[in-house]
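All remarks here apply to the structure that follows.
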Amino acid sequence: MIQATRWERLRNNRDWLGFWFMLPTAAFLLLFLVYPLGLGIWLSFTDARIGTPGNFIGLENYEWIIGDSKFQTAVFFTLLYTLVASAFKFAIGLYLALLLNQNMPFKAMIRAVILIPFIVPTVLSAIAFWWIFDPQFSVISWSLRQMGWIDGNINFLGGAWNSRWSVIFANVWRGVPFIAISLLAGLQTLPPSLYEAATLDGATRWQLFRHVTYPLLTPIIAVVMTFSVLFTFTDFQLIWVLTRGGPINATHLMATLSFQRAIPGGALGEGAAIATAMIPFLLAAILFSYFGLQRRRWQQGGTDK
């Protein structure tokens with residue numbers, strides 16, 4: 001009877017009810033996220049190869065990759081790719097969000113069109129850009145030749161820096177809609193009364209943005225840009241379809257280099273070490289979001305700490 005009573009209390013307690021609802025999700029995360037992460041970290045300390053479990057070798061894989069020129073190039077381009085692409089995506093996305101927040105004809109249709117790059121599967125987008133950047137049939141080269149700006153075709157994916165800027169451009173094209181629509185949703189939650197009061201006080205459009213829009217939009221910007229940085233930093237499909245890390249490993253990201261070493265190369269330990277080395281960078285992006293969210297205390301009348 002006592003056990004039945006305890007069970008009734010657990011069943012009727014709202015805190016425990018929430019726990020039971022969260023339990024399947026927690027089990028799913030443990031199975032498909034925590035376990036693979038732990039296994040990957042363990043493999044990074046072994047000399048495992050495809051078909052063999054490997055032995056514990058300590059930090060040898062990390063010592064190897066730190067001195068590897070391909071890994072150093074991948075780290076450099078990963079940071080460049082993430083910073084440049086995220087900056088352009090934020091600038092263009094914020095501009096489009098502010099533009100679409102105004103009263104304009106066909107606004108709903110324009111929003112739908114802007115979402116197309118984000119809706120289209122990444123592989124299809126990459127194949128489309130592979131044709132756009134083709135050294136012989138590129139529509140960009142053809143257009144520039146017709147305007148008389150160039151004499152011959154541009155080898156977009158043939159040179160190291162040409163290929164880097166080309167894949168960054170493709171990533172920006174694909175990522176802008178996510179930021180634009182997310183920031184637009186945030187803009188539409190801002191109270192119009194604040195703009196009316198600031199306008200009556202003689203504020204200019206820049207002052208409205210600087211002192212009203214931007215401070216109130218900061219928490220949303222922090223979350224959106226954190227996701228953008230994470231998606232960009234861990235990008236794989238776009239790079240792999242367009243260049244496979246070439247030419248001469250110039251466009252390898254840490255994610256693509258990790259895959260190349262672990263699966264085609266068979267060195268699971270080295271690939272896992274490269275993937276594990278990405279964790280500090282991802283944690284830094286999460287901390288950026290955390291400190292950005294502290295602005296909410298200010299918005300709610302509290303103090304930042």
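If you're wondering about the labels, chains in the structure tokens are A, B, ... by order shown, residues count from 1 in each chain, ligands from 1 in order shown.
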
Sort by chain and increasing residue number a table of all residues of region 114-215 of chain A within 9 Å of region 76-82 of chain A, each with its closest pair of atoms and their distance in Å to one decimal, counting only C-alpha atoms, and write it as CSV.
```
residue,atom,partner,partner_atom,distance
A:Arg164,CA,A:Tyr81,CA,7.9
A:Trp165,CA,A:Tyr81,CA,8.6
A:Val167,CA,A:Tyr81,CA,8.5
A:Ile168,CA,A:Tyr81,CA,6.2
A:Asn171,CA,A:Tyr81,CA,8.9
```

Give me a file of those residues, with N, CA and C atoms, as a compact mmCIF listing (two decimals), in the first residue's frame.
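Output contents, as saved in part05.txt:
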```
# COMPACT_ATOMS: atom_id res chain seq x y z
N ARG A 164 39.07 29.29 -52.67
CA ARG A 164 38.65 29.67 -51.31
C ARG A 164 37.55 30.72 -51.34
N TRP A 165 37.76 31.77 -52.16
CA TRP A 165 36.73 32.81 -52.22
C TRP A 165 35.46 32.28 -52.89
N VAL A 167 34.16 29.13 -52.65
CA VAL A 167 33.36 28.35 -51.71
C VAL A 167 32.78 29.24 -50.61
N ILE A 168 33.51 30.30 -50.26
CA ILE A 168 32.96 31.26 -49.28
C ILE A 168 31.72 31.94 -49.86
N ASN A 171 28.82 29.57 -49.72
CA ASN A 171 28.29 29.43 -48.35
C ASN A 171 27.48 30.65 -47.95
```

Contact residues around region 38-42 of chain A with only C-alpha atoms at 7 Å, ignoring same-chain residues under 3 positions, as a list in words: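 Surrounding residues, per the criterion: Val34, Tyr35, Phe45, Ala272 and Thr276 of chain A.
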
Non-local contacts of Phe90 (chain A) (8 Å; only C-alpha atoms; under 6 positions in same chain excluded) as a ChimeraX atom specification: /A:176,179,225

Residues within 10 Å of region 155-160 of chain A, only C-alpha atoms, excluding chain neighbours under 5 positions, as number ranges by chain: A: 130, 132-136, 138, 140-141, 165-167, 242-243, 246-251

For the residues selected in the previous step, produce a file with N, CA and C atoms as a CSV table (one decimal), in the first residue's frame.
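Once written, part.csv looks like this:
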```csv
chain,number,residue,atom,x,y,z
A,130,TRP,N,28.9,24.2,-58.8
A,130,TRP,CA,30.0,23.5,-59.5
A,130,TRP,C,29.9,23.8,-61.0
A,132,ILE,N,28.3,26.6,-62.1
A,132,ILE,CA,28.6,28.1,-62.2
A,132,ILE,C,30.0,28.4,-62.3
A,133,PHE,N,30.8,27.6,-61.5
A,133,PHE,CA,32.3,27.9,-61.4
A,133,PHE,C,33.1,27.0,-62.4
A,134,ASP,N,32.4,26.3,-63.3
A,134,ASP,CA,33.1,25.5,-64.3
A,134,ASP,C,34.1,26.3,-65.1
A,135,PRO,N,35.4,25.8,-65.3
A,135,PRO,CA,36.4,26.6,-66.0
A,135,PRO,C,36.1,26.9,-67.4
A,136,GLN,N,35.2,26.1,-68.1
A,136,GLN,CA,35.0,26.3,-69.5
A,136,GLN,C,33.6,26.9,-69.8
A,138,SER,N,31.4,28.4,-67.4
A,138,SER,CA,30.9,29.3,-66.3
A,138,SER,C,30.1,30.5,-66.8
A,140,ILE,N,29.4,33.0,-65.2
A,140,ILE,CA,30.0,34.3,-64.7
A,140,ILE,C,31.1,34.7,-65.7
A,141,SER,N,32.0,33.8,-66.1
A,141,SER,CA,33.0,34.1,-67.0
A,141,SER,C,32.4,34.6,-68.4
A,165,TRP,N,37.8,31.8,-52.2
A,165,TRP,CA,36.7,32.8,-52.2
A,165,TRP,C,35.5,32.3,-52.9
A,166,SER,N,35.6,31.3,-53.8
A,166,SER,CA,34.4,30.8,-54.5
A,166,SER,C,33.5,30.0,-53.5
A,167,VAL,N,34.2,29.1,-52.7
A,167,VAL,CA,33.4,28.3,-51.7
A,167,VAL,C,32.8,29.2,-50.6
A,242,LEU,N,32.0,20.5,-53.9
A,242,LEU,CA,32.7,21.5,-54.8
A,242,LEU,C,34.1,21.2,-55.1
A,243,THR,N,34.9,20.9,-54.0
A,243,THR,CA,36.4,20.8,-54.2
A,243,THR,C,37.0,19.6,-53.6
A,246,GLY,N,40.4,20.4,-52.4
A,246,GLY,CA,41.4,20.8,-53.3
A,246,GLY,C,41.2,22.3,-53.7
A,247,PRO,N,42.1,22.8,-54.5
A,247,PRO,CA,43.3,22.2,-55.0
A,247,PRO,C,44.4,22.2,-54.0
A,248,ILE,N,45.3,21.2,-54.0
A,248,ILE,CA,46.4,21.0,-53.1
A,248,ILE,C,46.0,21.3,-51.6
A,249,ASN,N,44.8,20.8,-51.2
A,249,ASN,CA,44.3,20.9,-49.8
A,249,ASN,C,44.0,22.3,-49.4
A,250,ALA,N,43.9,23.3,-50.4
A,250,ALA,CA,43.7,24.7,-50.0
A,250,ALA,C,42.3,24.9,-49.4
A,251,THR,N,41.3,24.1,-49.7
A,251,THR,CA,39.9,24.4,-49.2
A,251,THR,C,39.5,23.3,-48.2
```

Interatomic distance (Å, one decimal) between CA of Phe88 (chain A) and CA of Ser228 (chain A):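 These two atoms are separated by 11.2 Å.
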
DSSP helix (DSSP H, G or I) residues within region 63-160 of chain A, as a VMD selection string: chain A and resid 63 to 66 69 to 100 107 to 119 122 to 132 139 to 146 160

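Counting from CA of Leu238 (chain A), the distance to CA of Ile181 (chain A) is 21.6 Å.
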
From A:Phe28, A:Phe71, A:Phe56, A:Trp20, residue lying nearest Ala277 (chain A) [only C-alpha atoms]: A:Phe71

Among the residues A:Leu282, A:Gln237, A:Met254, A:Ile274, the one that comes closest to Glu63 (chain A) [using only C-alpha atoms]: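 The shortest atom-to-atom distance to Glu63 (chain A) comes from A:Ile274.
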
Distance query Gly186 (chain A) at most 12 Å, only C-alpha atoms, self and fewer than 2 positions along chain excluded, as a ChimeraX atom specification: /A:94,97-98,101,179-184,188-191,213-224

Kindly save the residues from that selection, with N, CA, C and O atoms included, as a short mmCIF file (atom, residue, chain, number, x, y, z; two decimals), in the first residue's frame.
```cif
data_model
loop_
_atom_site.label_atom_id
_atom_site.label_comp_id
_atom_site.auth_asym_id
_atom_site.auth_seq_id
_atom_site.Cartn_x
_atom_site.Cartn_y
_atom_site.Cartn_z
N LEU A 94 21.05 41.06 -42.11
CA LEU A 94 20.47 42.16 -41.34
C LEU A 94 19.87 43.21 -42.27
O LEU A 94 18.78 43.74 -42.01
N ALA A 97 16.64 41.86 -43.60
CA ALA A 97 15.62 41.84 -42.54
C ALA A 97 15.04 43.24 -42.33
O ALA A 97 13.82 43.41 -42.20
N LEU A 98 15.91 44.25 -42.27
CA LEU A 98 15.43 45.62 -42.10
C LEU A 98 14.60 46.05 -43.31
O LEU A 98 13.59 46.75 -43.16
N ASN A 101 11.20 44.36 -43.30
CA ASN A 101 10.36 44.80 -42.18
C ASN A 101 9.58 46.07 -42.52
O ASN A 101 8.70 46.48 -41.77
N ILE A 179 19.61 33.76 -41.66
CA ILE A 179 19.83 34.93 -40.81
C ILE A 179 18.79 36.00 -41.08
O ILE A 179 18.24 36.62 -40.15
N ALA A 180 18.47 36.23 -42.35
CA ALA A 180 17.52 37.28 -42.71
C ALA A 180 16.14 37.00 -42.12
O ALA A 180 15.52 37.88 -41.49
N ILE A 181 15.63 35.78 -42.29
CA ILE A 181 14.29 35.46 -41.80
C ILE A 181 14.26 35.43 -40.28
O ILE A 181 13.29 35.87 -39.65
N SER A 182 15.33 34.93 -39.65
CA SER A 182 15.38 34.89 -38.18
C SER A 182 15.39 36.29 -37.59
O SER A 182 14.67 36.58 -36.62
N LEU A 183 16.22 37.17 -38.15
CA LEU A 183 16.27 38.55 -37.65
C LEU A 183 14.97 39.29 -37.96
O LEU A 183 14.54 40.14 -37.18
N LEU A 184 14.34 38.97 -39.09
CA LEU A 184 13.06 39.59 -39.41
C LEU A 184 12.01 39.21 -38.38
O LEU A 184 11.21 40.07 -37.95
N GLN A 188 10.03 41.95 -35.79
CA GLN A 188 8.58 42.09 -35.71
C GLN A 188 8.05 41.92 -34.29
O GLN A 188 6.87 42.13 -34.04
N THR A 189 8.92 41.54 -33.35
CA THR A 189 8.51 41.46 -31.94
C THR A 189 8.83 42.75 -31.18
O THR A 189 8.41 42.88 -30.02
N LEU A 190 9.56 43.68 -31.80
CA LEU A 190 9.92 44.91 -31.10
C LEU A 190 8.72 45.85 -31.02
O LEU A 190 7.98 46.00 -32.00
N PRO A 191 8.50 46.48 -29.87
CA PRO A 191 7.32 47.34 -29.70
C PRO A 191 7.40 48.61 -30.53
O PRO A 191 8.39 49.36 -30.44
N THR A 213 16.81 49.59 -32.13
CA THR A 213 16.75 48.29 -32.79
C THR A 213 17.88 47.36 -32.35
O THR A 213 17.62 46.23 -31.91
N TYR A 214 19.11 47.84 -32.44
CA TYR A 214 20.25 46.96 -32.16
C TYR A 214 20.28 46.46 -30.72
O TYR A 214 20.46 45.25 -30.49
N PRO A 215 20.11 47.33 -29.70
CA PRO A 215 20.14 46.79 -28.33
C PRO A 215 19.05 45.75 -28.06
O PRO A 215 19.30 44.75 -27.39
N LEU A 216 17.83 45.99 -28.57
CA LEU A 216 16.75 45.05 -28.33
C LEU A 216 16.92 43.76 -29.13
O LEU A 216 16.42 42.71 -28.73
N LEU A 217 17.64 43.85 -30.25
CA LEU A 217 17.82 42.68 -31.11
C LEU A 217 19.06 41.87 -30.74
O LEU A 217 19.27 40.78 -31.29
N THR A 218 19.86 42.37 -29.80
CA THR A 218 21.12 41.71 -29.46
C THR A 218 20.96 40.26 -29.04
O THR A 218 21.73 39.39 -29.51
N PRO A 219 20.01 39.89 -28.17
CA PRO A 219 19.89 38.47 -27.81
C PRO A 219 19.57 37.58 -28.99
O PRO A 219 20.11 36.47 -29.10
N ILE A 220 18.73 38.05 -29.90
CA ILE A 220 18.39 37.25 -31.08
C ILE A 220 19.59 37.16 -32.00
O ILE A 220 19.87 36.09 -32.57
N ILE A 221 20.34 38.26 -32.15
CA ILE A 221 21.55 38.23 -32.98
C ILE A 221 22.54 37.22 -32.42
O ILE A 221 23.17 36.45 -33.16
N ALA A 222 22.68 37.18 -31.08
CA ALA A 222 23.62 36.25 -30.46
C ALA A 222 23.26 34.82 -30.77
O ALA A 222 24.12 34.00 -31.14
N VAL A 223 21.98 34.47 -30.65
CA VAL A 223 21.56 33.09 -30.91
C VAL A 223 21.70 32.75 -32.39
O VAL A 223 22.25 31.69 -32.76
N VAL A 224 21.23 33.64 -33.26
CA VAL A 224 21.27 33.38 -34.70
C VAL A 224 22.71 33.25 -35.18
O VAL A 224 23.05 32.33 -35.94
#
```

Test item: residues at most 9 Å from Trp240 (chain A), only C-alpha atoms, excluding those fewer than 6 positions along its chain, as a list in words: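 Those residues are Ala126, His252 and Thr256 of chain A.
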
Let's have the selection written as a PDB file, in the first residue's frame, with all heavy atoms.
```
ATOM      1  N   ALA A 126      25.423  22.827 -54.122  1.00  0.00           N
ATOM      2  CA  ALA A 126      26.836  22.666 -54.447  1.00  0.00           C
ATOM      3  C   ALA A 126      27.029  22.252 -55.907  1.00  0.00           C
ATOM      4  O   ALA A 126      27.943  22.742 -56.582  1.00  0.00           O
ATOM      5  CB  ALA A 126      27.466  21.625 -53.517  1.00  0.00           C
ATOM      6  N   HIS A 252      40.413  22.609 -47.644  1.00  0.00           N
ATOM      7  CA  HIS A 252      40.025  21.651 -46.601  1.00  0.00           C
ATOM      8  C   HIS A 252      39.603  22.401 -45.340  1.00  0.00           C
ATOM      9  O   HIS A 252      40.321  23.268 -44.841  1.00  0.00           O
ATOM     10  CB  HIS A 252      41.198  20.732 -46.254  1.00  0.00           C
ATOM     11  CG  HIS A 252      41.096  19.381 -46.880  1.00  0.00           C
ATOM     12  ND1 HIS A 252      39.948  18.596 -46.833  1.00  0.00           N
ATOM     13  CD2 HIS A 252      42.011  18.643 -47.563  1.00  0.00           C
ATOM     14  CE1 HIS A 252      40.156  17.468 -47.462  1.00  0.00           C
ATOM     15  NE2 HIS A 252      41.391  17.465 -47.926  1.00  0.00           N
ATOM     16  N   THR A 256      36.187  18.311 -43.221  1.00  0.00           N
ATOM     17  CA  THR A 256      36.474  17.517 -44.417  1.00  0.00           C
ATOM     18  C   THR A 256      37.806  16.777 -44.292  1.00  0.00           C
ATOM     19  O   THR A 256      37.933  15.638 -44.752  1.00  0.00           O
ATOM     20  CB  THR A 256      36.493  18.410 -45.671  1.00  0.00           C
ATOM     21  OG1 THR A 256      37.465  19.453 -45.502  1.00  0.00           O
ATOM     22  CG2 THR A 256      35.128  19.033 -45.907  1.00  0.00           C
TER      23      THR A 256
END
```
